[in-house]
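Undergrad: Once you've had a glance at the structure underneath, I'll fire off some questions.
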Amino acid sequence: MLRCDAMNTTIDIPEKDLKDAMRFTGATTKRETVVTALREFNRRRRIAALTKHFGTSDTFMTHADLLKRRRAE
């Protein structure tokens with residue numbers, strides 16, 4: 001059985017913005033455009049949340065450590 005977690009929603013989207021989004025995403029339907037835009041928005045937010053942690057750990061290998069390990073193998 002195919003399960004689809006979807007929600008039917010009626011919203012007003014400015015036509016120019018929707019057409020631009022369809023052009024940028026290459027989507028052929030309004031639904032595909034909105035889903036693609038939502039996924040991209042969520043992906044960017046997850047990445048932004050992860051970047052807060054860059055450089056906060058001292059347990060990662062340095063570039064020099066990585067090169068040294070590669071030479072030893």
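Ligands are numbered from 1 in the order shown, residues from 1 within each chain, and chains are lettered A, B, ... in the order they appear in the structure tokens.
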Can you tell me, as a PyMOL selection string, what residues are no more than 8 Å from stretch 11-23 of chain A when counting only C-alpha atoms, ignoring any on the same chain fewer than 6 positions away?

TA: chain A and resi 29-30+33+37

Undergrad: Would you please work out which residue, of A:Ala49, A:Thr9, A:Lys68, A:Gly55, is nearest to A:Val34 when using only C-alpha atoms?

TA: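 Distance minimum relative to A:Val34 lands on A:Thr9.
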
Undergrad: Based on DSSP run over this structure's backbone, return all residues of chain A in alpha helix (DSSP H), as a ChimeraX atom specification.

TA: /A:15-25,30-51,63-72

Undergrad: State, in Å with one decimal place, the distance from atom CA of A:Gly26 to atom CA of A:Arg46.

TA: 23.0 Å
